[in-house]
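Printed here is model14.cif (mmCIF, C-alpha atoms):
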```cif
data_protein
loop_
_atom_site.label_atom_id
_atom_site.label_comp_id
_atom_site.auth_asym_id
_atom_site.auth_seq_id
_atom_site.Cartn_x
_atom_site.Cartn_y
_atom_site.Cartn_z
CA MET U 64 -68.04 -186.38 -39.80
CA LYS U 65 -67.32 -182.74 -38.95
CA ASP U 66 -66.45 -180.27 -41.68
CA LEU U 67 -62.71 -179.58 -41.40
CA ASN U 68 -62.86 -175.86 -42.34
CA LEU U 69 -59.07 -175.82 -42.56
CA PRO U 70 -57.20 -172.50 -42.52
CA VAL U 71 -56.39 -171.07 -45.93
CA LEU U 72 -52.71 -171.17 -46.87
CA PRO U 73 -51.63 -167.52 -47.30
CA PRO U 74 -49.43 -166.52 -50.25
CA ALA U 75 -46.35 -165.73 -48.14
CA ALA U 76 -46.33 -169.16 -46.44
CA PRO U 77 -43.91 -171.87 -47.62
CA PRO U 78 -45.96 -174.54 -49.45
CA ILE U 79 -45.26 -178.25 -49.69
CA ASN U 80 -44.66 -179.66 -53.15
CA SER U 81 -47.47 -182.20 -53.30
CA ARG U 82 -51.13 -182.40 -54.31
CA PHE U 83 -51.57 -186.02 -53.29
CA TRP U 84 -50.54 -186.00 -49.62
CA PRO U 85 -52.76 -183.08 -48.52
CA LYS U 86 -55.80 -185.01 -49.76
CA VAL U 87 -54.71 -188.13 -47.86
CA MET U 88 -54.09 -186.21 -44.64
CA ARG U 89 -57.42 -184.40 -44.84
CA LEU U 90 -59.09 -187.80 -45.06
CA VAL U 91 -57.14 -188.98 -41.99
CA MET U 92 -58.34 -185.92 -40.05
CA ARG U 93 -61.95 -186.55 -41.03
CA LEU U 94 -61.80 -190.21 -40.05
CA ARG U 95 -60.20 -189.51 -36.65
CA GLY U 96 -62.14 -186.34 -35.80
CA TRP U 97 -59.19 -183.95 -35.41
CA ARG U 98 -59.41 -180.27 -36.39
CA LEU U 99 -57.03 -177.36 -36.93
CA LEU U 100 -58.51 -174.06 -35.76
CA GLY U 101 -57.49 -170.44 -36.28
CA GLU U 102 -55.82 -168.56 -39.11
CA LEU U 103 -52.40 -168.95 -40.67
CA PRO U 104 -50.51 -165.63 -40.77
CA ASN U 105 -49.25 -164.26 -44.05
CA GLU U 106 -45.60 -164.40 -42.97
CA PRO U 107 -42.70 -165.84 -44.98
CA LYS U 108 -40.57 -166.62 -41.91
CA MET U 109 -41.46 -167.55 -38.33
CA VAL U 110 -41.02 -170.02 -35.48
CA VAL U 111 -44.03 -172.22 -34.66
CA ILE U 112 -44.09 -173.59 -31.09
CA GLY U 113 -46.38 -176.50 -30.21
CA ALA U 114 -47.34 -177.59 -26.67
CA PRO U 115 -48.12 -179.41 -24.47
CA HIS U 116 -45.93 -182.15 -25.94
CA SER U 117 -46.56 -185.35 -23.97
CA SER U 118 -46.79 -188.08 -26.61
CA TYR U 119 -45.29 -189.29 -29.88
CA TRP U 120 -48.79 -188.78 -31.28
CA ASP U 121 -48.30 -185.00 -31.05
CA GLY U 122 -45.72 -185.17 -33.81
CA PHE U 123 -47.88 -187.49 -35.89
CA TRP U 124 -50.91 -185.22 -35.74
CA GLY U 125 -48.74 -182.18 -36.30
CA VAL U 126 -47.43 -183.66 -39.55
CA VAL U 127 -50.95 -184.71 -40.58
CA MET U 128 -52.31 -181.20 -40.08
CA LYS U 129 -49.50 -179.23 -41.69
CA THR U 130 -49.65 -181.56 -44.68
CA ALA U 131 -53.45 -181.31 -44.87
CA VAL U 132 -53.17 -177.52 -45.07
CA GLY U 133 -50.27 -177.75 -47.52
CA VAL U 134 -47.77 -175.72 -45.48
CA ASN U 135 -44.12 -176.68 -45.14
CA ILE U 136 -43.14 -176.40 -41.46
CA GLY U 137 -39.59 -177.60 -40.96
CA ILE U 138 -38.69 -179.88 -38.04
CA MET U 139 -35.08 -180.19 -36.81
CA ILE U 140 -33.61 -183.70 -37.06
CA LYS U 141 -30.01 -184.92 -36.68
CA ARG U 142 -28.21 -184.86 -40.01
CA GLU U 143 -27.10 -188.47 -39.63
CA VAL U 144 -30.72 -189.64 -39.60
CA LEU U 145 -31.47 -187.87 -42.86
CA GLU U 146 -28.40 -189.34 -44.53
CA GLY U 147 -29.88 -192.83 -44.09
CA PRO U 148 -32.94 -194.47 -45.67
CA LEU U 149 -35.31 -192.45 -43.45
CA GLY U 150 -34.17 -189.30 -45.22
CA ILE U 151 -36.17 -190.35 -48.29
CA ILE U 152 -39.32 -190.14 -46.18
CA LEU U 153 -38.46 -187.32 -43.80
CA ARG U 154 -36.99 -184.69 -46.14
CA PRO U 155 -40.17 -184.25 -48.25
CA ILE U 156 -42.24 -183.58 -45.12
CA GLY U 157 -39.97 -180.77 -43.93
CA ALA U 158 -37.13 -182.37 -41.94
CA ILE U 159 -34.25 -179.91 -41.42
CA PRO U 160 -30.79 -181.43 -40.88
CA ILE U 161 -28.78 -180.16 -37.91
CA ASN U 162 -25.15 -180.92 -37.15
CA ARG U 163 -24.56 -181.36 -33.42
CA GLY U 164 -20.84 -181.81 -34.01
CA GLU U 165 -20.22 -178.33 -35.38
CA ALA U 166 -18.79 -175.57 -33.24
CA THR U 167 -21.87 -173.53 -34.16
CA ASP U 168 -24.76 -174.39 -31.85
CA VAL U 169 -28.22 -175.38 -33.04
CA VAL U 170 -29.53 -171.85 -32.46
CA GLY U 171 -26.79 -170.47 -34.66
CA GLN U 172 -27.47 -173.04 -37.38
CA MET U 173 -31.17 -172.13 -37.48
CA VAL U 174 -30.50 -168.38 -37.47
CA GLU U 175 -28.13 -168.82 -40.40
CA ARG U 176 -30.72 -170.93 -42.21
CA PHE U 177 -33.36 -168.23 -41.72
CA ALA U 178 -30.97 -165.67 -43.18
CA HIS U 179 -30.49 -167.72 -46.36
CA CYS U 180 -34.11 -168.83 -46.91
CA GLU U 181 -36.70 -166.73 -48.68
CA LYS U 182 -39.47 -168.62 -46.88
CA MET U 183 -39.08 -170.71 -43.73
CA TRP U 184 -41.43 -171.82 -40.97
CA LEU U 185 -39.62 -173.70 -38.20
CA GLY U 186 -41.57 -175.98 -35.84
CA ILE U 187 -40.28 -176.48 -32.28
CA THR U 188 -41.59 -178.21 -29.14
CA PRO U 189 -40.27 -175.82 -26.45
CA GLU U 190 -40.52 -178.39 -23.66
CA GLY U 191 -37.83 -180.38 -25.46
CA THR U 192 -39.19 -183.72 -24.20
CA ARG U 193 -42.44 -185.61 -23.72
CA LYS U 194 -41.89 -185.69 -19.94
CA ARG U 195 -43.13 -182.92 -17.64
CA VAL U 196 -40.52 -180.20 -17.17
CA LYS U 197 -40.25 -177.29 -14.74
CA ARG U 198 -38.97 -174.88 -17.37
CA TRP U 199 -39.16 -174.68 -21.13
CA LYS U 200 -35.97 -174.55 -23.17
CA SER U 201 -35.25 -171.00 -24.36
CA GLY U 202 -33.81 -171.96 -27.76
CA PHE U 203 -36.98 -171.01 -29.66
CA LEU U 204 -36.89 -167.51 -28.13
CA ARG U 205 -33.21 -167.04 -29.00
CA ILE U 206 -33.75 -168.25 -32.56
CA ALA U 207 -36.75 -165.96 -33.12
CA HIS U 208 -35.11 -162.92 -31.52
CA THR U 209 -31.75 -163.28 -33.27
CA ALA U 210 -33.32 -164.07 -36.64
CA ASN U 211 -35.87 -161.28 -36.11
CA VAL U 212 -38.85 -163.47 -36.92
CA PRO U 213 -42.19 -163.77 -35.07
CA ILE U 214 -43.43 -166.71 -33.01
CA LEU U 215 -46.72 -168.48 -33.71
CA PRO U 216 -48.16 -170.46 -30.75
CA LEU U 217 -49.85 -173.77 -31.62
CA PHE U 218 -52.01 -175.12 -28.80
CA ILE U 219 -52.53 -178.88 -28.56
CA ASP U 220 -55.74 -180.03 -26.83
CA TYR U 221 -56.59 -183.73 -26.74
CA PRO U 222 -60.02 -183.49 -25.00
CA SER U 223 -61.36 -181.42 -27.92
CA LYS U 224 -59.13 -183.09 -30.54
CA THR U 225 -57.90 -179.71 -31.74
CA PHE U 226 -54.72 -177.92 -32.66
CA THR U 227 -55.38 -174.17 -32.37
CA LEU U 228 -53.30 -171.43 -33.99
CA GLY U 229 -52.73 -168.50 -31.64
CA LYS U 230 -51.83 -164.86 -32.28
CA MET U 231 -48.38 -163.87 -33.46
CA PHE U 232 -45.86 -163.03 -30.74
CA ARG U 233 -42.89 -160.70 -31.21
CA THR U 234 -39.94 -161.08 -28.87
CA THR U 235 -38.53 -158.21 -26.83
CA ASP U 236 -35.18 -157.59 -25.15
CA ASN U 237 -36.56 -159.25 -21.99
CA PRO U 238 -36.54 -163.03 -22.60
CA ASP U 239 -37.79 -163.84 -19.09
CA ALA U 240 -40.88 -161.68 -19.58
CA ASP U 241 -41.40 -163.14 -23.06
CA MET U 242 -41.26 -166.69 -21.70
CA ALA U 243 -43.70 -165.90 -18.89
CA ALA U 244 -46.16 -164.32 -21.32
CA ILE U 245 -46.01 -167.26 -23.71
CA LEU U 246 -46.42 -169.86 -20.93
CA LYS U 247 -49.64 -168.20 -19.80
CA LEU U 248 -51.08 -168.66 -23.29
CA PHE U 249 -50.63 -172.44 -23.10
CA ALA U 250 -51.95 -172.94 -19.55
CA PRO U 251 -55.58 -173.84 -20.51
CA TYR U 252 -54.65 -176.62 -22.93
CA GLN U 253 -54.40 -180.33 -22.17
CA GLY U 254 -52.04 -182.74 -23.91
CA LYS U 255 -52.54 -186.48 -24.20
CA TYR U 256 -51.04 -187.12 -20.75
CA ARG U 257 -50.68 -183.69 -19.12
CA ASN U 258 -51.05 -179.95 -19.55
CA ALA U 259 -48.28 -177.51 -20.42
CA ALA U 260 -45.52 -176.73 -17.95
CA LEU U 261 -45.80 -173.50 -15.96
CA ALA U 262 -42.97 -171.17 -15.05
CA ASP U 263 -41.49 -171.43 -11.55
#
```

Here is a file; write its structure as structure tokens.
Amino acid sequence: MKDLNLPVLPPAAPPINSRFWPKVMRLVMRLRGWRLLGELPNEPKMVVIGAPHSSYWDGFWGVVMKTAVGVNIGIMIKREVLEGPLGIILRPIGAIPINRGEATDVVGQMVERFAHCEKMWLGITPEGTRKRVKRWKSGFLRIAHTANVPILPLFIDYPSKTFTLGKMFRTTDNPDADMAAILKLFAPYQGKYRNAALAD
């Protein structure tokens, strides 16, 4: 089996509160041949965007890898789901409750959460669905820009069984240009069923 050579968790990153689960997830990665490449930035707050997202397995392997490294990357989930029995499982692995019934939109809820958290990494699939789309949803850009936090691209590639951490991206006052630049970064990577969407 290949040596994992996992990225080192930097001091500013939000850690998970477990010693047991990282060991289990590292074993899962070894058995299945998946690797996480690149370096984790020493940032207390940021938005992590993963693509191409074409399968439920993307989320599974994403959770495996973030847990193996020991980093707490929050994933947005409807509040009602977390109030049920699944909350016992999902909250410890970084599920973030969102309230779709509030007047405040999801972007506003996440921006407010960033403002009140000392450390927060938020994971988002910008395609918003497993199906092929013509355009990515812009919510991740609006959250990062309004909260004044950087974006970390995470490239999913099934042929090589890798998740690769890209270079940090800072938003500008031109969201269209930002989106075009980010889309180009994801173009070479292949998901389980397709590659990433390209801008029109």

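Comparing the minimum interatomic distances between Leu215 of chain U and each of U:Gly229, U:Pro73, U:Gly202, U:Gly171, counting all atoms listed in the file, we find that U:Gly229 sits nearest.
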
Inset, instruction - Pick out the closest residue to Pro222 of chain U from this set: U:Ser201, U:Asn258, U:Gln172, U:Asn80. Count only C-alpha atoms. - result: U:Asn258

Inset, instruction - Could you tell me which residues the PyMOL selection byres ((chain U and resi 256) around 12) returns for this structure, as a PyMOL selection string? - result: chain U and resi 114-121+193-195+219-222+252-255+257-259

How would the residues just chosen look if you wrote them out with C-alpha atoms as a PDB file, keeping the file's coordinate frame?
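Now in part.pdb:
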```
ATOM      1  CA  ALA U 114     -47.340-177.590 -26.670  1.00  0.00           C
ATOM      2  CA  PRO U 115     -48.120-179.410 -24.470  1.00  0.00           C
ATOM      3  CA  HIS U 116     -45.930-182.150 -25.940  1.00  0.00           C
ATOM      4  CA  SER U 117     -46.560-185.350 -23.970  1.00  0.00           C
ATOM      5  CA  SER U 118     -46.790-188.080 -26.610  1.00  0.00           C
ATOM      6  CA  TYR U 119     -45.290-189.290 -29.880  1.00  0.00           C
ATOM      7  CA  TRP U 120     -48.790-188.780 -31.280  1.00  0.00           C
ATOM      8  CA  ASP U 121     -48.300-185.000 -31.050  1.00  0.00           C
ATOM      9  CA  ARG U 193     -42.440-185.610 -23.720  1.00  0.00           C
ATOM     10  CA  LYS U 194     -41.890-185.690 -19.940  1.00  0.00           C
ATOM     11  CA  ARG U 195     -43.130-182.920 -17.640  1.00  0.00           C
ATOM     12  CA  ILE U 219     -52.530-178.880 -28.560  1.00  0.00           C
ATOM     13  CA  ASP U 220     -55.740-180.030 -26.830  1.00  0.00           C
ATOM     14  CA  TYR U 221     -56.590-183.730 -26.740  1.00  0.00           C
ATOM     15  CA  PRO U 222     -60.020-183.490 -25.000  1.00  0.00           C
ATOM     16  CA  TYR U 252     -54.650-176.620 -22.930  1.00  0.00           C
ATOM     17  CA  GLN U 253     -54.400-180.330 -22.170  1.00  0.00           C
ATOM     18  CA  GLY U 254     -52.040-182.740 -23.910  1.00  0.00           C
ATOM     19  CA  LYS U 255     -52.540-186.480 -24.200  1.00  0.00           C
ATOM     20  CA  ARG U 257     -50.680-183.690 -19.120  1.00  0.00           C
ATOM     21  CA  ASN U 258     -51.050-179.950 -19.550  1.00  0.00           C
ATOM     22  CA  ALA U 259     -48.280-177.510 -20.420  1.00  0.00           C
TER      23      ALA U 259
END
```

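Counting all atoms listed in the file, the residue from U:Leu67, U:Ala75, U:Ala178, U:Ile112 that sits nearest to Trp97 of chain U is U:Leu67.
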
Inset, instruction - Using the chain letters and numbers from the file, give me the residues hit by the PyMOL selection byres ((chain U and resi 89) around 12), as a PyMOL selection string. - result: chain U and resi 64-69+82-88+90-99+124+126-133

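Closest approach to Ile159 of chain U among U:Leu204, U:Ile245, U:Ile138, U:Ile214 is made by U:Ile138 (distances from only C-alpha atoms).
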
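Atom CA of Ala250 of chain U to atom CA of Arg205 of chain U spans 21.8 Å [interatomic distance, one decimal].
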
Legend entry - Residue neighbourhood Ile161 of chain U, 7 Å, all atoms listed in the file, exclusion window fewer than 2 positions, as a list in words: Met139, Ile140, Lys141, Arg142, Ile159, Arg163 and Val169 of chain U

Legend entry - Residue contacts of Phe177 of chain U (12 Å, only C-alpha atoms) excluding same-chain residues fewer than 3 positions away, as a ChimeraX atom specification: /U:107-110,137,159,170-174,180-185,206-213

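Atom to atom, atom CA of Pro77 of chain U and atom CA of Val134 of chain U stand 5.9 Å apart.
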